$ cat query.txt   # compact mmCIF, C-alpha atoms
# COMPACT_ATOMS: atom_id res chain seq x y z
CA MET A 173 -20.98 2.07 -20.92
CA LYS A 174 -24.09 0.29 -19.70
CA ASP A 175 -23.90 -1.91 -16.60
CA ILE A 176 -25.31 -5.42 -16.72
CA LEU A 177 -27.99 -4.47 -14.25
CA LEU A 178 -31.43 -5.56 -15.36
CA LYS A 179 -34.55 -4.34 -13.59
CA THR A 180 -38.08 -5.57 -14.07
CA GLN A 181 -41.16 -4.36 -12.23
CA ASN A 182 -40.50 -6.85 -9.44
CA ASP A 183 -36.87 -7.99 -9.60
CA ILE A 184 -33.26 -7.00 -10.22
CA PHE A 185 -30.44 -9.04 -11.78
CA SER A 186 -26.82 -7.92 -11.78
CA LEU A 187 -23.46 -9.22 -12.95
CA ARG A 188 -20.67 -8.06 -10.66
CA VAL A 189 -16.95 -8.54 -10.10
CA ALA A 190 -15.04 -8.13 -6.85
CA GLY A 191 -11.41 -8.10 -5.80
CA ILE A 192 -9.90 -10.04 -2.91
CA CYS A 193 -7.01 -7.78 -1.98
CA LEU A 194 -4.85 -9.00 0.92
CA ASN A 195 -1.85 -7.23 2.39
CA ASP A 196 0.07 -7.85 5.60
CA GLY A 197 -2.73 -9.80 7.32
CA LYS A 198 -5.42 -7.33 6.24
CA ILE A 199 -8.11 -7.29 3.56
CA LEU A 200 -9.33 -4.28 1.62
CA LEU A 201 -13.08 -3.74 2.07
CA HIS A 202 -15.46 -0.93 1.27
CA LYS A 203 -18.86 0.38 2.24
CA THR A 204 -21.15 3.19 1.24
CA SER A 205 -22.60 5.84 3.51
CA ASP A 206 -26.07 4.24 3.33
CA ASN A 207 -24.94 0.78 4.48
CA ASN A 208 -23.22 -0.31 7.69
CA GLY A 209 -21.91 -3.53 6.15
CA TYR A 210 -18.70 -4.02 4.20
CA SER A 211 -18.11 -5.81 0.92
CA LEU A 212 -15.18 -6.59 -1.33
CA PRO A 213 -14.33 -3.76 -3.76
CA GLY A 214 -15.62 -4.09 -7.29
CA GLY A 215 -18.64 -3.27 -9.36
CA HIS A 216 -20.85 -4.17 -12.26
CA VAL A 217 -19.62 -5.64 -15.50
CA THR A 218 -20.71 -3.59 -18.50
CA PHE A 219 -22.05 -4.96 -21.76
CA GLN A 220 -19.27 -6.18 -24.10
CA GLU A 221 -16.74 -6.21 -21.24
CA THR A 222 -15.07 -9.29 -19.78
CA ALA A 223 -15.07 -9.85 -16.02
CA GLU A 224 -11.28 -9.35 -16.01
CA GLN A 225 -11.60 -6.00 -17.80
CA ALA A 226 -14.33 -4.96 -15.38
CA ILE A 227 -12.32 -5.57 -12.20
CA ILE A 228 -9.33 -3.65 -13.61
CA ARG A 229 -11.64 -0.77 -14.60
CA GLU A 230 -13.45 -0.71 -11.25
CA PHE A 231 -10.23 -0.43 -9.22
CA SER A 232 -9.03 2.33 -11.53
CA GLU A 233 -12.31 4.26 -11.33
CA GLU A 234 -12.95 3.91 -7.61
CA ILE A 235 -9.49 4.37 -6.11
CA GLY A 236 -7.26 5.31 -9.03
CA ALA A 237 -5.26 2.11 -8.63
CA ASP A 238 -3.55 -0.03 -11.19
CA ILE A 239 -3.74 -3.69 -10.26
CA TRP A 240 -2.23 -7.01 -11.10
CA LEU A 241 -5.10 -9.41 -11.56
CA GLY A 242 -4.66 -12.79 -9.95
CA ASN A 243 -6.80 -15.90 -10.19
CA LEU A 244 -10.54 -16.35 -10.23
CA LYS A 245 -11.27 -17.78 -6.77
CA TRP A 246 -15.03 -17.87 -6.32
CA ILE A 247 -18.25 -17.59 -8.26
CA GLY A 248 -21.10 -16.43 -6.07
CA GLU A 249 -24.84 -16.40 -6.51
CA ASN A 250 -26.07 -13.75 -4.10
CA PHE A 251 -29.72 -13.19 -3.27
CA PHE A 252 -30.70 -10.07 -1.30
CA ASN A 253 -33.02 -7.07 -1.28
CA ARG A 254 -31.87 -3.96 -3.09
CA SER A 255 -33.97 -0.82 -2.74
CA GLY A 256 -36.89 -3.00 -1.65
CA TYR A 257 -36.66 -5.38 -4.62
CA PRO A 258 -35.39 -8.96 -4.67
CA CYS A 259 -31.98 -9.04 -6.34
CA HIS A 260 -30.22 -12.03 -7.91
CA GLN A 261 -26.56 -11.26 -8.42
CA ILE A 262 -23.83 -13.35 -10.03
CA CYS A 263 -20.37 -12.26 -8.89
CA PHE A 264 -16.88 -13.31 -9.99
CA TYR A 265 -14.28 -12.91 -7.22
CA TYR A 266 -10.61 -12.51 -8.20
CA THR A 267 -7.44 -12.09 -6.21
CA VAL A 268 -6.09 -8.59 -6.79
CA HIS A 269 -2.70 -7.06 -6.05
CA LEU A 270 -2.33 -3.28 -5.91
CA LEU A 271 0.61 -1.90 -7.85
CA ASP A 272 0.62 1.35 -5.84
CA ALA A 273 2.24 0.68 -2.46
CA GLN A 274 0.92 3.99 -1.07
CA ILE A 275 -2.63 2.61 -1.02
CA THR A 276 -1.55 -0.21 1.28
CA LYS A 277 -0.19 2.30 3.82
CA ASN A 278 -3.46 4.15 4.40
CA ARG A 279 -5.72 2.25 6.80
CA LYS A 280 -8.79 4.21 5.68
CA PHE A 281 -9.41 6.28 2.57
CA ILE A 282 -12.27 7.54 0.45
CA GLY A 283 -12.88 6.46 -3.13
CA ASN A 284 -15.51 7.59 -5.57
CA GLU A 285 -18.31 6.07 -7.64
CA HIS A 286 -20.63 8.22 -9.74
CA SER A 287 -19.85 11.24 -7.50
CA LYS A 288 -20.75 9.28 -4.35
CA PRO A 289 -18.08 8.56 -1.74
CA ILE A 290 -17.08 4.97 -1.04
CA TYR A 291 -15.27 4.32 2.22
CA PHE A 292 -12.35 1.90 1.94
CA GLU A 293 -10.63 0.30 4.87
CA TRP A 294 -7.89 -2.25 5.47
CA ILE A 295 -9.47 -4.61 8.02
CA PRO A 296 -7.31 -7.15 9.87
CA LEU A 297 -8.37 -10.69 8.96
CA SER A 298 -8.46 -11.42 12.69
CA SER A 299 -11.21 -8.76 13.10
CA LEU A 300 -13.65 -10.01 10.46
CA ASP A 301 -15.87 -11.65 13.08
CA ARG A 302 -16.61 -8.20 14.51
CA ILE A 303 -17.92 -6.61 11.31
CA LYS A 304 -20.85 -7.13 8.96
CA LEU A 305 -19.46 -8.48 5.67
CA TYR A 306 -21.50 -9.24 2.55
CA PRO A 307 -21.88 -11.90 1.39
CA GLU A 308 -21.64 -13.44 4.83
CA ASN A 309 -19.85 -16.62 3.76
CA ILE A 310 -16.80 -14.68 2.54
CA LYS A 311 -15.39 -14.96 6.06
CA THR A 312 -15.39 -18.76 5.79
CA LEU A 313 -14.14 -18.82 2.20
CA LEU A 314 -11.12 -16.71 3.16
CA ASN A 315 -9.91 -19.58 5.37
CA ASP A 316 -9.19 -21.54 2.18
CA ILE A 317 -7.97 -18.65 0.00
CA HIS A 318 -4.82 -20.51 -1.11
CA SER A 319 -6.76 -23.39 -2.65
CA LYS A 320 -6.26 -23.78 -6.40
CA GLU A 321 -9.88 -24.85 -6.78
CA ILE A 322 -12.49 -22.33 -7.96
CA LYS A 323 -15.35 -22.43 -5.48
CA HIS A 324 -19.03 -21.83 -6.22
CA PHE A 325 -21.29 -20.58 -3.44
CA VAL A 326 -24.85 -19.43 -2.90
CA CYS A 327 -25.67 -16.81 -0.29
CA LYS A 328 -29.19 -15.69 0.60
CA ARG A 329 -29.96 -12.77 2.87
CA LYS A 330 -33.13 -10.86 3.55
CA THR A 331 -31.89 -7.28 3.92
CA THR A 332 -29.27 -5.00 2.36
$ encode --input "query.txt" --output "structure tokens"
Amino acid sequence: MKDILLKTQNDIFSLRVAGICLNDGKILLHKTSDNNGYSLPGGHVTFQETAEQAIIREFSEEIGADIWLGNLKWIGENFFNRSGYPCHQICFYYTVHLLDAQITKNRKFIGNEHSKPIYFEWIPLSSLDRIKLYPENIKTLLNDIHSKEIKHFVCKRKTT
């Protein structure tokens, strides 16, 4: 499968999906070893794959979890630097419910992507102000997570 990740000499474009997974006042976030900021779990959509198929696949690949896919909540246009190149990313954010209760019991655990570890952690919603979370406006959007309206946002940052 080929990710929708297009690179030119000067720019990068990607199509991504992410899961908003809440449990007992906590949110599931992840980070890689080369980044001190967290993001919502997910990954790139591949060619000929729907966003819904992609989020189900990503949770299965990264943490071996079956999920129940909830509603599309946000559509984000994220602008940032990736490996020194300007990146324009479109991301679909869905609510996600884990079908494996064991995963919700482990505060921290390690997942896997292309043989690289991904560090997952259940972070209390009350602690989000103390961590770096990308995109930054997710913290604000979570305040209105129960809205039935699909929100569109734009987030620009200068560094990864």
$ closest_residue --input "query.txt" --among "A:Asn250, A:Gln181, A:Ser211, A:Thr276" --to "Leu300 (chain A)" --atoms "only C-alpha atoms"
A:Ser211
$ closest_residue --input "query.txt" --among "A:Glu224, A:Leu241, A:Leu212, A:Phe264" --to "Leu187 (chain A)" --atoms "only C-alpha atoms"
A:Phe264
$ residues_around --input "query.txt" --residues "region 318-332 of chain A" --least-positions-apart "3" --cutoff "8 Å" --atoms "all atoms listed in the file" --output "list in words"
Asn207, Leu244, Lys245, Trp246, Ile247, Gly248, Glu249, Asn250, Phe251, Phe252, Asn253, Arg254, Pro307, Glu308 and Asn309 of chain A
$ write_last_selection --input "query.txt" --atoms "C-alpha atoms" --output "compact mmCIF listing (two decimals), keeping the file's coordinate frame"
# COMPACT_ATOMS: atom_id res chain seq x y z
CA ASN A 207 -24.94 0.78 4.48
CA LEU A 244 -10.54 -16.35 -10.23
CA LYS A 245 -11.27 -17.78 -6.77
CA TRP A 246 -15.03 -17.87 -6.32
CA ILE A 247 -18.25 -17.59 -8.26
CA GLY A 248 -21.10 -16.43 -6.07
CA GLU A 249 -24.84 -16.40 -6.51
CA ASN A 250 -26.07 -13.75 -4.10
CA PHE A 251 -29.72 -13.19 -3.27
CA PHE A 252 -30.70 -10.07 -1.30
CA ASN A 253 -33.02 -7.07 -1.28
CA ARG A 254 -31.87 -3.96 -3.09
CA PRO A 307 -21.88 -11.90 1.39
CA GLU A 308 -21.64 -13.44 4.83
CA ASN A 309 -19.85 -16.62 3.76
$ closest_residue --input "query.txt" --among "A:Leu200, A:Leu194, A:Leu271, A:Ile176" --to "Thr222 (chain A)" --atoms "only C-alpha atoms"
A:Ile176
$ residues_near_point --input "query.txt" --point "(-16.9, -5.3, -15.2)" --cutoff "12 Å" --atoms "all atoms listed in the file" --output "JSON, numbers by chain"
{"A": [173, 174, 175, 176, 177, 186, 187, 188, 189, 190, 191, 213, 214, 215, 216, 217, 218, 219, 220, 221, 222, 223, 224, 225, 226, 227, 228, 229, 230, 231, 232, 233, 262, 263, 264, 265, 266]}
$ decode --input "query.txt" --residues "region 297-310 of chain A" --atoms "all heavy atoms" --output "JSON list (two decimals), in the first residue's frame"
[["chain", "number", "residue", "atom", "x", "y", "z"],
["A", 297, "LEU", "N", -7.24, 14.46, 30.85],
["A", 297, "LEU", "CA", -7.66, 15.68, 30.16],
["A", 297, "LEU", "C", -7.27, 16.91, 30.98],
["A", 297, "LEU", "O", -6.93, 17.95, 30.42],
["A", 297, "LEU", "CB", -9.16, 15.67, 29.90],
["A", 297, "LEU", "CG", -9.62, 14.63, 28.86],
["A", 297, "LEU", "CD1", -11.14, 14.51, 28.88],
["A", 297, "LEU", "CD2", -9.11, 14.98, 27.48],
["A", 298, "SER", "N", -7.28, 16.78, 32.29],
["A", 298, "SER", "CA", -6.93, 17.90, 33.16],
["A", 298, "SER", "C", -5.44, 18.25, 33.09],
["A", 298, "SER", "O", -5.02, 19.30, 33.57],
["A", 298, "SER", "CB", -7.32, 17.58, 34.60],
["A", 298, "SER", "OG", -6.64, 16.41, 35.04],
["A", 299, "SER", "N", -4.62, 17.40, 32.49],
["A", 299, "SER", "CA", -3.17, 17.64, 32.39],
["A", 299, "SER", "C", -2.72, 18.13, 31.02],
["A", 299, "SER", "O", -1.52, 18.31, 30.80],
["A", 299, "SER", "CB", -2.41, 16.34, 32.71],
["A", 299, "SER", "OG", -2.69, 15.90, 34.00],
["A", 300, "LEU", "N", -3.63, 18.32, 30.10],
["A", 300, "LEU", "CA", -3.24, 18.67, 28.73],
["A", 300, "LEU", "C", -2.49, 20.00, 28.65],
["A", 300, "LEU", "O", -1.66, 20.18, 27.76],
["A", 300, "LEU", "CB", -4.46, 18.70, 27.81],
["A", 300, "LEU", "CG", -5.07, 17.33, 27.50],
["A", 300, "LEU", "CD1", -6.25, 17.49, 26.55],
["A", 300, "LEU", "CD2", -4.05, 16.37, 26.95],
["A", 301, "ASP", "N", -2.76, 20.91, 29.57],
["A", 301, "ASP", "CA", -2.06, 22.20, 29.55],
["A", 301, "ASP", "C", -0.57, 22.06, 29.86],
["A", 301, "ASP", "O", 0.20, 22.96, 29.57],
["A", 301, "ASP", "CB", -2.70, 23.19, 30.54],
["A", 301, "ASP", "CG", -4.03, 23.69, 30.04],
["A", 301, "ASP", "OD1", -4.27, 23.63, 28.81],
["A", 301, "ASP", "OD2", -4.84, 24.14, 30.86],
["A", 302, "ARG", "N", -0.18, 20.93, 30.42],
["A", 302, "ARG", "CA", 1.23, 20.73, 30.80],
["A", 302, "ARG", "C", 2.05, 19.98, 29.75],
["A", 302, "ARG", "O", 3.24, 19.74, 29.98],
["A", 302, "ARG", "CB", 1.29, 19.99, 32.12],
["A", 302, "ARG", "CG", 0.72, 20.83, 33.27],
["A", 302, "ARG", "CD", 0.98, 20.16, 34.59],
["A", 302, "ARG", "NE", 0.16, 18.97, 34.78],
["A", 302, "ARG", "CZ", -0.91, 18.92, 35.57],
["A", 302, "ARG", "NH1", -1.27, 19.97, 36.25],
["A", 302, "ARG", "NH2", -1.58, 17.80, 35.69],
["A", 303, "ILE", "N", 1.43, 19.60, 28.64],
["A", 303, "ILE", "CA", 2.17, 18.87, 27.61],
["A", 303, "ILE", "C", 2.11, 19.61, 26.28],
["A", 303, "ILE", "O", 1.25, 20.46, 26.07],
["A", 303, "ILE", "CB", 1.64, 17.43, 27.42],
["A", 303, "ILE", "CG1", 0.21, 17.45, 26.86],
["A", 303, "ILE", "CG2", 1.75, 16.63, 28.71],
["A", 303, "ILE", "CD1", -0.26, 16.11, 26.33],
["A", 304, "LYS", "N", 3.02, 19.26, 25.39],
["A", 304, "LYS", "CA", 3.02, 19.77, 24.03],
["A", 304, "LYS", "C", 2.13, 18.82, 23.22],
["A", 304, "LYS", "O", 2.37, 17.61, 23.19],
["A", 304, "LYS", "CB", 4.44, 19.76, 23.48],
["A", 304, "LYS", "CG", 4.70, 20.79, 22.44],
["A", 304, "LYS", "CD", 6.13, 20.71, 21.94],
["A", 304, "LYS", "CE", 7.02, 21.58, 22.79],
["A", 304, "LYS", "NZ", 8.38, 21.71, 22.24],
["A", 305, "LEU", "N", 1.09, 19.35, 22.59],
["A", 305, "LEU", "CA", 0.15, 18.55, 21.83],
["A", 305, "LEU", "C", -0.02, 19.16, 20.45],
["A", 305, "LEU", "O", -0.26, 20.37, 20.33],
["A", 305, "LEU", "CB", -1.21, 18.49, 22.55],
["A", 305, "LEU", "CG", -2.34, 17.71, 21.88],
["A", 305, "LEU", "CD1", -1.96, 16.25, 21.67],
["A", 305, "LEU", "CD2", -3.61, 17.81, 22.71],
["A", 306, "TYR", "N", 0.13, 18.34, 19.42],
["A", 306, "TYR", "CA", 0.00, 18.80, 18.04],
["A", 306, "TYR", "C", -1.23, 18.20, 17.39],
["A", 306, "TYR", "O", -1.48, 17.02, 17.56],
["A", 306, "TYR", "CB", 1.23, 18.41, 17.21],
["A", 306, "TYR", "CG", 2.52, 18.96, 17.74],
["A", 306, "TYR", "CD1", 3.54, 18.11, 18.14],
["A", 306, "TYR", "CD2", 2.72, 20.33, 17.86],
["A", 306, "TYR", "CE1", 4.74, 18.61, 18.61],
["A", 306, "TYR", "CE2", 3.92, 20.83, 18.33],
["A", 306, "TYR", "CZ", 4.92, 19.96, 18.71],
["A", 306, "TYR", "OH", 6.10, 20.45, 19.18],
["A", 307, "PRO", "N", -1.96, 18.96, 16.62],
["A", 307, "PRO", "CA", -1.92, 20.41, 16.53],
["A", 307, "PRO", "C", -2.37, 21.05, 17.84],
["A", 307, "PRO", "O", -3.16, 20.49, 18.59],
["A", 307, "PRO", "CB", -2.86, 20.76, 15.38],
["A", 307, "PRO", "CG", -3.61, 19.53, 15.05],
["A", 307, "PRO", "CD", -2.95, 18.38, 15.71],
["A", 308, "GLU", "N", -1.86, 22.24, 18.08],
["A", 308, "GLU", "CA", -2.05, 22.92, 19.35],
["A", 308, "GLU", "C", -3.51, 23.19, 19.70],
["A", 308, "GLU", "O", -3.88, 23.16, 20.87],
["A", 308, "GLU", "CB", -1.28, 24.25, 19.39],
["A", 308, "GLU", "CG", 0.22, 24.10, 19.38],
["A", 308, "GLU", "CD", 0.83, 24.04, 17.98],
["A", 308, "GLU", "OE1", 0.08, 23.97, 16.98],
["A", 308, "GLU", "OE2", 2.06, 24.05, 17.88],
["A", 309, "ASN", "N", -4.35, 23.43, 18.71],
["A", 309, "ASN", "CA", -5.74, 23.79, 19.00],
["A", 309, "ASN", "C", -6.61, 22.58, 19.37],
["A", 309, "ASN", "O", -7.78, 22.75, 19.69],
["A", 309, "ASN", "CB", -6.35, 24.60, 17.87],
["A", 309, "ASN", "CG", -6.19, 23.94, 16.53],
["A", 309, "ASN", "OD1", -5.40, 23.03, 16.36],
["A", 309, "ASN", "ND2", -6.95, 24.41, 15.56],
["A", 310, "ILE", "N", -6.07, 21.39, 19.38],
["A", 310, "ILE", "CA", -6.82, 20.22, 19.82],
["A", 310, "ILE", "C", -7.29, 20.41, 21.27],
["A", 310, "ILE", "O", -8.40, 20.02, 21.62],
["A", 310, "ILE", "CB", -5.95, 18.94, 19.71],
["A", 310, "ILE", "CG1", -5.61, 18.64, 18.25],
["A", 310, "ILE", "CG2", -6.59, 17.76, 20.41],
["A", 310, "ILE", "CD1", -6.75, 18.13, 17.42]]
